[in-house]
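K.L.:
So here's work-v5.pdb (PDB, C-alpha atoms).
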ATOM      1  CA  SER A   1      34.580  61.352 113.087
ATOM      2  CA  THR A   2      37.364  59.017 111.935
ATOM      3  CA  LEU A   3      39.622  60.033 114.790
ATOM      4  CA  ARG A   4      36.740  59.664 117.240
ATOM      5  CA  SER A   5      36.053  56.129 115.980
ATOM      6  CA  PHE A   6      39.766  55.330 116.299
ATOM      7  CA  LEU A   7      39.768  56.487 119.934
ATOM      8  CA  ASP A   8      36.546  54.590 120.666
ATOM      9  CA  SER A   9      38.006  51.378 119.219
ATOM     10  CA  ILE A  10      41.151  51.783 121.339
ATOM     11  CA  ARG A  11      39.050  52.227 124.502
ATOM     12  CA  LEU A  12      36.827  49.259 123.652
ATOM     13  CA  LEU A  13      39.855  47.107 122.953
ATOM     14  CA  ALA A  14      41.419  48.024 126.315
ATOM     15  CA  VAL A  15      38.176  47.517 128.275
ATOM     16  CA  ARG A  16      37.367  44.155 126.724
ATOM     17  CA  ALA A  17      40.932  42.890 127.015
ATOM     18  CA  ASN A  18      40.786  43.698 130.716
ATOM     19  CA  ALA A  19      37.244  42.347 131.260
ATOM     20  CA  TYR A  20      37.426  39.016 129.430
ATOM     21  CA  GLY A  21      39.833  36.240 130.250
ATOM     22  CA  HIS A  22      40.081  33.147 132.416
ATOM     23  CA  CYS A  23      42.918  31.159 133.950
ATOM     24  CA  SER A  24      43.085  27.693 135.445
ATOM     25  CA  GLY A  25      46.477  27.814 137.119
ATOM     26  CA  GLU A  26      49.390  29.951 138.199
ATOM     27  CA  GLU A  27      51.185  29.677 134.862
ATOM     28  CA  ASN A  28      47.999  30.488 132.978
ATOM     29  CA  ALA A  29      47.357  33.517 135.212
ATOM     30  CA  ARG A  30      50.882  34.794 134.624
ATOM     31  CA  SER A  31      50.387  34.467 130.866
ATOM     32  CA  LEU A  32      47.083  36.358 131.090
ATOM     33  CA  VAL A  33      48.639  39.261 133.023
ATOM     34  CA  THR A  34      51.626  39.401 130.656
ATOM     35  CA  GLY A  35      49.353  39.383 127.622
ATOM     36  CA  ARG A  36      47.239  42.230 128.987
ATOM     37  CA  VAL A  37      50.340  44.293 129.733
ATOM     38  CA  ASN A  38      51.609  43.677 126.197
ATOM     39  CA  ILE A  39      48.296  44.842 124.743
ATOM     40  CA  ALA A  40      48.345  47.985 126.904
ATOM     41  CA  LYS A  41      51.908  48.976 126.025
ATOM     42  CA  HIS A  42      51.340  48.239 122.327
ATOM     43  CA  ILE A  43      48.274  50.516 122.396
ATOM     44  CA  CYS A  44      50.503  53.313 123.736
ATOM     45  CA  VAL A  45      53.079  52.607 121.043
ATOM     46  CA  LEU A  46      50.286  52.577 118.449
ATOM     47  CA  TRP A  47      49.192  56.123 119.252
ATOM     48  CA  TYR A  48      52.831  57.226 119.510
ATOM     49  CA  SER A  49      53.547  55.793 116.049
ATOM     50  CA  LEU A  50      50.358  57.307 114.651
ATOM     51  CA  ILE A  51      51.459  60.823 115.625
ATOM     52  CA  PHE A  52      54.872  60.387 113.995
ATOM     53  CA  HIS A  53      53.359  58.842 110.872
ATOM     54  CA  LEU A  54      50.734  61.560 110.351
ATOM     55  CA  ARG A  55      53.376  64.270 110.896
ATOM     56  CA  LYS A  56      55.696  62.498 108.382
ATOM     57  CA  GLN A  57      58.438  62.290 110.984
ATOM     58  CA  ARG A  58      60.585  59.149 111.281
ATOM     59  CA  LEU A  59      63.300  60.326 113.678
ATOM     60  CA  ILE A  60      62.655  59.276 117.278
ATOM     61  CA  PRO A  61      63.803  61.754 119.973
ATOM     62  CA  LYS A  62      66.819  60.742 122.014
ATOM     63  CA  ASN A  63      64.974  61.213 125.303
ATOM     64  CA  SER A  64      62.086  58.970 124.215
ATOM     65  CA  HIS A  65      61.173  55.959 126.396
ATOM     66  CA  LEU A  66      60.115  53.909 123.384
ATOM     67  CA  LYS A  67      63.066  51.539 123.839
ATOM     68  CA  LEU A  68      61.665  50.528 127.239
ATOM     69  CA  PHE A  69      58.281  49.618 125.728
ATOM     70  CA  LEU A  70      59.688  47.328 123.027
ATOM     71  CA  SER A  71      62.039  44.382 123.031
ATOM     72  CA  ASP A  72      65.251  44.488 121.017
ATOM     73  CA  LYS A  73      63.704  42.469 118.202
ATOM     74  CA  GLU A  74      60.578  44.624 118.119
ATOM     75  CA  LEU A  75      62.631  47.813 118.192
ATOM     76  CA  LYS A  76      64.678  46.669 115.200
ATOM     77  CA  MET A  77      61.504  45.798 113.277
ATOM     78  CA  TYR A  78      59.997  49.138 114.287
ATOM     79  CA  GLU A  79      62.964  51.134 112.984
ATOM     80  CA  GLU A  80      62.969  49.279 109.666
ATOM     81  CA  ALA A  81      59.191  49.447 109.064
ATOM     82  CA  ASP A  82      57.797  51.893 106.515
ATOM     83  CA  VAL A  83      54.281  52.065 108.008
ATOM     84  CA  ARG A  84      54.859  51.692 111.726
ATOM     85  CA  PRO A  85      51.226  51.927 112.963
ATOM     86  CA  LEU A  86      50.312  48.884 110.864
ATOM     87  CA  LEU A  87      53.222  46.970 112.399
ATOM     88  CA  VAL A  88      52.002  47.830 115.906
ATOM     89  CA  LEU A  89      48.455  46.757 115.003
ATOM     90  CA  LEU A  90      49.931  43.446 113.870
ATOM     91  CA  TRP A  91      51.605  43.076 117.280
ATOM     92  CA  ILE A  92      48.304  43.769 119.070
ATOM     93  CA  ASP A  93      46.524  41.123 116.992
ATOM     94  CA  ARG A  94      49.398  38.733 117.734
ATOM     95  CA  ASP A  95      49.031  39.374 121.475
ATOM     96  CA  ILE A  96      45.359  38.481 121.230
ATOM     97  CA  ALA A  97      46.199  35.295 119.312
ATOM     98  CA  ASN A  98      48.797  34.305 121.935
ATOM     99  CA  LEU A  99      46.242  34.698 124.731
ATOM    100  CA  ARG A 100      43.817  32.519 122.785
ATOM    101  CA  ASP A 101      46.462  29.860 122.069
ATOM    102  CA  LYS A 102      47.444  29.671 125.747
ATOM    103  CA  GLY A 103      43.828  29.158 126.801
ATOM    104  CA  CYS A 104      43.447  32.544 128.491
ATOM    105  CA  MET A 105      40.700  33.646 126.094
ATOM    106  CA  SER A 106      37.966  31.817 124.274
ATOM    107  CA  ASP A 107      37.578  31.983 120.513
ATOM    108  CA  PRO A 108      34.527  34.328 120.571
ATOM    109  CA  VAL A 109      36.364  36.788 122.835
ATOM    110  CA  ALA A 110      39.459  36.715 120.619
ATOM    111  CA  CYS A 111      37.303  37.329 117.522
ATOM    112  CA  MET A 112      35.592  40.233 119.279
ATOM    113  CA  LEU A 113      38.952  41.849 120.107
ATOM    114  CA  SER A 114      40.247  41.198 116.590
ATOM    115  CA  ALA A 115      37.166  42.970 115.213
ATOM    116  CA  GLU A 116      38.232  46.093 117.123
ATOM    117  CA  VAL A 117      41.696  45.786 115.582
ATOM    118  CA  THR A 118      40.039  45.613 112.161
ATOM    119  CA  LYS A 119      38.189  48.862 112.912
ATOM    120  CA  LEU A 120      41.494  50.447 113.916
ATOM    121  CA  VAL A 121      43.030  49.410 110.593
ATOM    122  CA  GLU A 122      40.109  50.891 108.660
ATOM    123  CA  ALA A 123      40.223  54.166 110.597
ATOM    124  CA  PHE A 124      43.983  54.371 110.104
ATOM    125  CA  GLY A 125      43.506  53.942 106.352
ATOM    126  CA  VAL A 126      41.097  56.896 106.277
ATOM    127  CA  MET A 127      43.487  59.118 108.281
ATOM    128  CA  GLU A 128      46.374  58.172 106.019
ATOM    129  CA  ARG A 129      44.360  59.144 102.955
ATOM    130  CA  VAL A 130      43.624  62.514 104.547
ATOM    131  CA  LYS A 131      47.352  62.957 105.213
ATOM    132  CA  THR A 132      48.589  61.769 101.819
ATOM    133  CA  TYR A 133      45.936  62.913  99.385
ATOM    134  CA  PRO A 134      44.315  66.381  99.540
ATOM    135  CA  THR A 135      40.606  66.409 100.278
ATOM    136  CA  VAL A 136      40.134  69.014  97.537
ATOM    137  CA  PRO A 137      41.938  68.796  94.147
ATOM    138  CA  PHE A 138      44.460  71.535  93.527
ATOM    139  CA  ALA A 139      42.613  72.877  90.462
ATOM    140  CA  TYR A 140      39.404  73.274  92.480
ATOM    141  CA  TYR A 141      41.364  74.811  95.365
ATOM    142  CA  GLN A 142      43.005  77.357  93.039
ATOM    143  CA  PHE A 143      39.732  78.155  91.316
ATOM    144  CA  CYS A 144      38.016  78.849  94.676
ATOM    145  CA  ASN A 145      40.798  81.208  95.713
ATOM    146  CA  TRP A 146      40.589  83.184  92.497
ATOM    147  CA  ALA A 147      36.772  83.248  92.624
ATOM    148  CA  VAL A 148      36.802  84.648  96.156
ATOM    149  CA  PHE A 149      39.406  87.226  95.158
ATOM    150  CA  LEU A 150      37.432  88.405  92.101
ATOM    151  CA  PHE A 151      34.179  88.503  94.058
ATOM    152  CA  CYS A 152      35.697  90.563  96.884
ATOM    153  CA  PHE A 153      37.364  92.826  94.313
ATOM    154  CA  SER A 154      34.087  93.530  92.486
ATOM    155  CA  VAL A 155      31.656  93.664  95.415
ATOM    156  CA  PRO A 156      32.575  97.259  96.457
ATOM    157  CA  ALA A 157      31.503  98.539  93.029
ATOM    158  CA  SER A 158      28.222  96.660  93.294
ATOM    159  CA  ILE A 159      27.532  98.045  96.771
ATOM    160  CA  ALA A 160      28.537 101.564  95.739
ATOM    161  CA  SER A 161      26.060 101.474  92.831
ATOM    162  CA  HIS A 162      23.159 101.118  95.296
ATOM    163  CA  ASN A 163      24.608 103.037  98.246
ATOM    164  CA  THR A 164      26.099 106.475  97.642
ATOM    165  CA  ASP A 165      27.361 106.910 101.201
ATOM    166  CA  TYR A 166      31.133 106.385 101.216
ATOM    167  CA  ALA A 167      31.339 105.389 104.882
ATOM    168  CA  SER A 168      28.624 102.717 104.833
ATOM    169  CA  SER A 169      29.799 101.371 101.458
ATOM    170  CA  SER A 170      33.312 100.902 102.823
ATOM    171  CA  ILE A 171      32.020  99.157 105.956
ATOM    172  CA  PHE A 172      29.734  96.788 104.022
ATOM    173  CA  SER A 173      32.515  95.968 101.534
ATOM    174  CA  PHE A 174      34.935  95.211 104.350
ATOM    175  CA  ILE A 175      32.435  92.929 106.123
ATOM    176  CA  VAL A 176      31.636  90.939 102.979
ATOM    177  CA  SER A 177      35.322  90.544 102.053
ATOM    178  CA  PHE A 178      36.255  89.604 105.601
ATOM    179  CA  VAL A 179      33.587  86.895 105.775
ATOM    180  CA  TYR A 180      34.457  85.317 102.430
ATOM    181  CA  PHE A 181      38.218  85.410 102.976
ATOM    182  CA  GLY A 182      37.716  83.973 106.484
ATOM    183  CA  ILE A 183      35.628  81.056 105.191
ATOM    184  CA  ASN A 184      38.212  80.345 102.499
ATOM    185  CA  PHE A 185      41.059  80.447 105.031
ATOM    186  CA  LEU A 186      39.265  78.086 107.414
ATOM    187  CA  GLY A 187      38.570  75.651 104.597
ATOM    188  CA  ASN A 188      42.219  75.622 103.590
ATOM    189  CA  ASP A 189      43.345  75.211 107.192
ATOM    190  CA  LEU A 190      41.042  72.253 107.851
ATOM    191  CA  GLN A 191      42.446  70.270 104.912
ATOM    192  CA  ALA A 192      45.392  69.163 107.092
ATOM    193  CA  PRO A 193      43.984  68.496 110.604
ATOM    194  CA  PHE A 194      46.997  66.560 111.930
ATOM    195  CA  GLY A 195      49.531  69.397 112.105
ATOM    196  CA  ASN A 196      50.835  71.530 114.970
ATOM    197  CA  GLY A 197      48.596  74.540 114.431
ATOM    198  CA  PRO A 198      46.163  75.914 117.034
ATOM    199  CA  ASN A 199      43.165  74.608 115.029
ATOM    200  CA  ASP A 200      44.602  71.114 114.478
ATOM    201  CA  VAL A 201      43.858  67.946 116.426
ATOM    202  CA  PRO A 202      45.819  67.847 119.736
ATOM    203  CA  MET A 203      47.330  64.422 119.141
ATOM    204  CA  GLU A 204      49.896  64.697 121.953
ATOM    205  CA  ARG A 205      47.179  65.596 124.466
ATOM    206  CA  TYR A 206      45.112  62.582 123.407
ATOM    207  CA  GLY A 207      48.215  60.419 123.910
ATOM    208  CA  ILE A 208      48.507  61.541 127.538
ATOM    209  CA  ILE A 209      44.794  60.820 128.090
ATOM    210  CA  ILE A 210      45.046  57.344 126.551
ATOM    211  CA  GLU A 211      48.091  56.474 128.637
ATOM    212  CA  HIS A 212      46.374  57.519 131.877
ATOM    213  CA  GLU A 213      43.252  55.554 130.950
ATOM    214  CA  LEU A 214      45.425  52.467 130.431
ATOM    215  CA  TYR A 215      47.007  53.066 133.847
ATOM    216  CA  GLN A 216      43.531  52.961 135.315
ATOM    217  CA  SER A 217      42.478  49.808 133.441
ATOM    218  CA  PHE A 218      45.708  47.805 133.875
ATOM    219  CA  PRO A 219      47.300  48.180 137.351
ATOM    220  CA  VAL A 220      50.253  45.952 136.430
ATOM    221  CA  PHE A 221      50.965  48.106 133.393
ATOM    222  CA  ARG A 222      50.862  51.176 135.627
ATOM    223  CA  PHE A 223      53.241  49.561 138.118
ATOM    224  CA  ARG A 224      55.779  48.756 135.393
ATOM    225  CA  PHE A 225      55.628  51.782 133.096
ATOM    226  CA  GLU A 226      54.338  54.785 135.043
ATOM    227  CA  SER A 227      57.862  55.862 136.033
ATOM    228  CA  PHE A 228      58.909  56.286 132.384
ATOM    229  CA  ALA A 229      55.784  57.446 130.558
ATOM    230  CA  LEU A 230      55.807  57.475 126.778
ATOM    231  CA  PHE A 231      53.816  60.730 126.578
ATOM    232  CA  GLN A 232      55.408  63.342 128.806
ATOM    233  CA  GLU A 233      54.419  66.930 129.428
ATOM    234  CA  GLY A 234      55.841  69.129 126.690
ATOM    235  CA  PHE A 235      56.067  66.245 124.198
ATOM    236  CA  VAL A 236      55.559  67.625 120.680
ATOM    237  CA  VAL A 237      56.234  66.047 117.281
ATOM    238  CA  TYR A 238      57.190  68.468 114.500
ATOM    239  CA  PRO A 239      57.196  67.658 110.778
ATOM    240  CA  PRO A 240      60.638  67.325 109.137
ATOM    241  CA  ASP A 241      60.278  70.652 107.272
ATOM    242  CA  ASP A 242      59.276  72.588 110.405
ATOM    243  CA  VAL A 243      61.804  75.171 111.601
ATOM    244  CA  ARG A 244      61.166  74.151 115.221
ATOM    245  CA  ASN A 245      62.433  70.680 114.366
ATOM    246  CA  ILE A 246      65.987  72.013 113.836
ATOM    247  CA  PRO A 247      68.235  71.396 116.870
ATOM    248  CA  PRO A 248      68.921  74.458 119.053
ATOM    249  CA  LYS A 249      72.638  74.298 118.240
ATOM    250  CA  ALA A 250      71.851  75.258 114.656
ATOM    251  CA  PHE A 251      70.531  78.613 115.858
ATOM    252  CA  GLU A 252      73.546  79.493 117.987
ATOM    253  CA  ALA A 253      75.318  82.670 116.949
ATOM    254  CA  PRO A 254      78.788  82.129 115.495
ATOM    255  CA  LYS A 255      81.612  82.620 117.907
ATOM    256  CA  LYS A 256      83.357  85.968 117.622
ATOM    257  CA  ILE A 257      86.964  85.757 116.529
ATOM    258  CA  SER A 258      89.338  87.336 119.001
ATOM    259  CA  LYS A 259      90.796  90.639 117.899
ATOM    260  CA  TRP A 260      94.031  89.912 119.742
ATOM    261  CA  VAL A 261      96.924  89.698 117.294
ATOM    262  CA  PRO A 262     100.357  88.307 118.200
ATOM    263  CA  ALA A 263     103.202  90.824 118.373
ATOM    264  CA  ARG A 264     105.152  89.175 115.573
ATOM    265  CA  ILE A 265     102.203  89.612 113.189
ATOM    266  CA  LYS A 266     102.007  93.280 114.144
ATOM    267  CA  ILE A 267     105.719  93.702 113.398
ATOM    268  CA  ARG A 268     105.371  92.016 110.006
ATOM    269  CA  ALA A 269     102.354  94.140 109.161
ATOM    270  CA  ALA A 270     104.202  97.287 110.212
ATOM    271  CA  MET A 271     107.180  96.260 108.061
ATOM    272  CA  ARG A 272     104.880  95.824 105.075
ATOM    273  CA  LEU A 273     103.281  99.193 105.709
ATOM    274  CA  GLY A 274     106.736 100.839 105.774
ATOM    275  CA  ASN A 275     107.219 101.886 109.395
ATOM    276  CA  PRO A 276     110.735 103.363 109.232
ATOM    277  CA  ARG A 277     111.459 102.935 112.933
ATOM    278  CA  LEU A 278     110.590  99.228 112.974
ATOM    279  CA  ARG A 279     112.409  98.729 109.664
ATOM    280  CA  ARG A 280     115.597 100.224 111.114
ATOM    281  CA  PHE A 281     115.150  98.109 114.226
ATOM    282  CA  ARG A 282     114.778  94.959 112.121
ATOM    283  CA  GLU A 283     117.696  95.801 109.807
ATOM    284  CA  ALA A 284     119.991  96.580 112.783
ATOM    285  CA  LYS A 285     119.519  93.096 114.193
ATOM    286  CA  ALA A 286     122.658  91.690 112.544
ATOM    287  CA  THR A 287     124.714  94.692 113.687
ATOM    288  CA  ARG A 288     123.537  94.232 117.263
ATOM    289  CA  GLU A 289     124.446  90.566 117.192
ATOM    290  CA  ARG A 290     127.963  91.352 115.951
ATOM    291  CA  GLU A 291     128.401  93.981 118.666
ATOM    292  CA  VAL A 292     127.325  91.519 121.355
ATOM    293  CA  ASP A 293     129.749  88.867 120.063
ATOM    294  CA  GLN A 294     132.570  91.421 120.097
ATOM    295  CA  MET A 295     131.725  92.446 123.671
ATOM    296  CA  VAL A 296     131.790  88.786 124.795
ATOM    297  CA  LYS A 297     135.220  88.212 123.167
ATOM    298  CA  GLU A 298     136.671  91.353 124.751
ATOM    299  CA  ARG A 299     135.316  90.257 128.116
ATOM    300  CA  LEU A 300     137.013  86.867 127.748
ATOM    301  CA  VAL A 301     140.356  88.510 126.845
ATOM    302  CA  GLU A 302     140.160  90.783 129.887
ATOM    303  CA  GLU A 303     139.436  87.798 132.133
ATOM    304  CA  GLN A 304     142.462  85.926 130.715
ATOM    305  CA  ASP A 305     144.717  88.956 131.277
ATOM    306  CA  ILE A 306     143.551  89.290 134.880
ATOM    307  CA  ALA A 307     144.171  85.597 135.517
ATOM    308  CA  ALA A 308     147.728  85.817 134.080
ATOM    309  CA  LEU A 309     148.485  88.881 136.196
ATOM    310  CA  ALA A 310     147.233  87.126 139.308
ATOM    311  CA  LYS A 311     149.542  84.142 138.654
ATOM    312  CA  ALA A 312     152.529  86.446 138.155
ATOM    313  CA  ILE A 313     151.898  88.234 141.438
ATOM    314  CA  ALA A 314     151.520  84.951 143.277
ATOM    315  CA  ALA A 315     154.868  83.695 141.905
TER
END
Can the structure in the file be given as structure tokens, please?

P.N.:
Amino acid sequence: STLRSFLDSIRLLAVRANAYGHCSGEENARSLVTGRVNIAKHICVLWYSLIFHLRKQRLIPKNSHLKLFLSDKELKMYEEADVRPLLVLLWIDRDIANLRDKGCMSDPVACMLSAEVTKLVEAFGVMERVKTYPTVPFAYYQFCNWAVFLFCFSVPASIASHNTDYASSSIFSFIVSFVYFGINFLGNDLQAPFGNGPNDVPMERYGIIIEHELYQSFPVFRFRFESFALFQEGFVVYPPDDVRNIPPKAFEAPKKISKWVPARIKIRAAMRLGNPRLRRFREAKATREREVDQMVKERLVEEQDIAALAKAIAA
């Protein structure tokens, strides 16, 4: 009911902001249109911030279009704020006050819109209490679990004392245990309605609906922001401790180290292992170098002798 009242207040705020307003000149009309667009985009940012706040997530995705909905000053304030939905509600109330100060809205209309903002603040306070504080104390929650367990553990004996048929006793015991454990599980699951589970509130889907309703109510807002919607298909906000919130790179398998080993490492390993052939080859290196030097010297001497013989023949 709290979420329904929050959605109803958002719709009433958008409808009345679009329905009420007057302008006496071109400048006044421009201010009225700008103020309505600011209210519409801040309503989108409000629901966007509400999802992140209820999921306890402060990191904004890199592909988010939030930077296009806020000015540089507002974006800085948004990043530094602890309770971002309250900051956005303050901006919406400020937009209403600016329209009143510029003469685009009368005082009764501005008070009527501010009353809707007050309802939004109250509904947000209730949702935050549901998120922060458990609806059932832990001691009572633990006691209910143990009571259901003991009851389901003892009910087969009670049924068997009145029904001697093994088959029917087993079936009746299973049905009773299934019903009680199912009720207990549903109660525990409904304590946190703002998660990502199949039985939780589809907050992202409501965001898409709200954005399309604002497109319908504010044509100028649709003209400016429809190309980069804040709520896109596939947009999901995961809590910080959710495994799906970890970047895909963290799940990549480690790269396999190449099994290729340089030849020099193989030779050193073979030397350590005592390969006699490679050891003799390594130890004969100095002998081979001396033999090569000797062959080069002998070749030089032969070339000198041939040159001297050639000179003698020529003389």

K.L.:
Can you list what the PyMOL selection byres ((chain A and resi 145-162) around 9) grabs from this structure, as a VMD selection string?

P.N.:
chain A and resid 140 to 144 163 to 166 169 to 170 172 to 174 176 to 178 180 to 181 184

K.L.:
Please report the interatomic distance between CA of Val88 (chain A) and CA of Cys44 (chain A) in Å with one decimal.

P.N.:
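So the two atoms, CA of Val88 (chain A) and CA of Cys44 (chain A), lie 9.7 Å apart.
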
K.L.:
Once the PyMOL selection byres ((chain A and resi 96-99) around 8) has been evaluated on this model, what residues remain selected, and can you format them as a list in words?

P.N.:
Ser31, Leu32, Gly35, Ile39, Ile92, Asp93, Arg94, Asp95, Arg100, Asp101, Lys102, Gly103, Cys104, Met105, Ala110, Leu113 and Ser114 of chain A

K.L.:
With C-alpha atoms retained, export the selected residues as a tab-separated table (two decimals), in the frame of the given file.

P.N.:
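Output (result.tsv):
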chain	number	residue	atom	x	y	z
A	31	SER	CA	50.39	34.47	130.87
A	32	LEU	CA	47.08	36.36	131.09
A	35	GLY	CA	49.35	39.38	127.62
A	39	ILE	CA	48.30	44.84	124.74
A	92	ILE	CA	48.30	43.77	119.07
A	93	ASP	CA	46.52	41.12	116.99
A	94	ARG	CA	49.40	38.73	117.73
A	95	ASP	CA	49.03	39.37	121.48
A	100	ARG	CA	43.82	32.52	122.78
A	101	ASP	CA	46.46	29.86	122.07
A	102	LYS	CA	47.44	29.67	125.75
A	103	GLY	CA	43.83	29.16	126.80
A	104	CYS	CA	43.45	32.54	128.49
A	105	MET	CA	40.70	33.65	126.09
A	110	ALA	CA	39.46	36.72	120.62
A	113	LEU	CA	38.95	41.85	120.11
A	114	SER	CA	40.25	41.20	116.59

K.L.:
Check the smallest atom-to-atom distance from each of A:Ile175, A:Val121, A:Ile51, A:Leu90 to Phe231 (chain A) using only C-alpha atoms, then report the winner.

P.N.:
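Checking each of A:Ile175, A:Val121, A:Ile51, A:Leu90 against Phe231 (chain A), counting only C-alpha atoms, the winner is A:Ile51.
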
K.L.:
What is the distance between CA of Ser71 (chain A) and CA of Phe225 (chain A), in Å to one decimal?

P.N.:
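Spanning CA of Ser71 (chain A) to CA of Phe225 (chain A) is a straight-line distance of 14.0 Å.
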
K.L.:
So, with all atoms listed in the file as the atoms that count, which of A:Val109, A:Lys285, A:Leu190, A:Leu120 lies closest to His22 (chain A)?

P.N.:
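Looking only at the distances to His22 (chain A), the closest residue turns out to be A:Val109.
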
K.L.:
Kindly give the distance, in Å, that separates CA of Thr34 (chain A) and CA of Val220 (chain A), rounded to a single decimal.

P.N.:
8.8 Å

K.L.:
Which residues are near Thr132 (chain A)? Cut-off 9 Å, all atoms listed in the file, ignore same chain within fewer than 4 positions. Put them as a PyMOL selection string.

P.N.:
chain A and resi 54+127-128
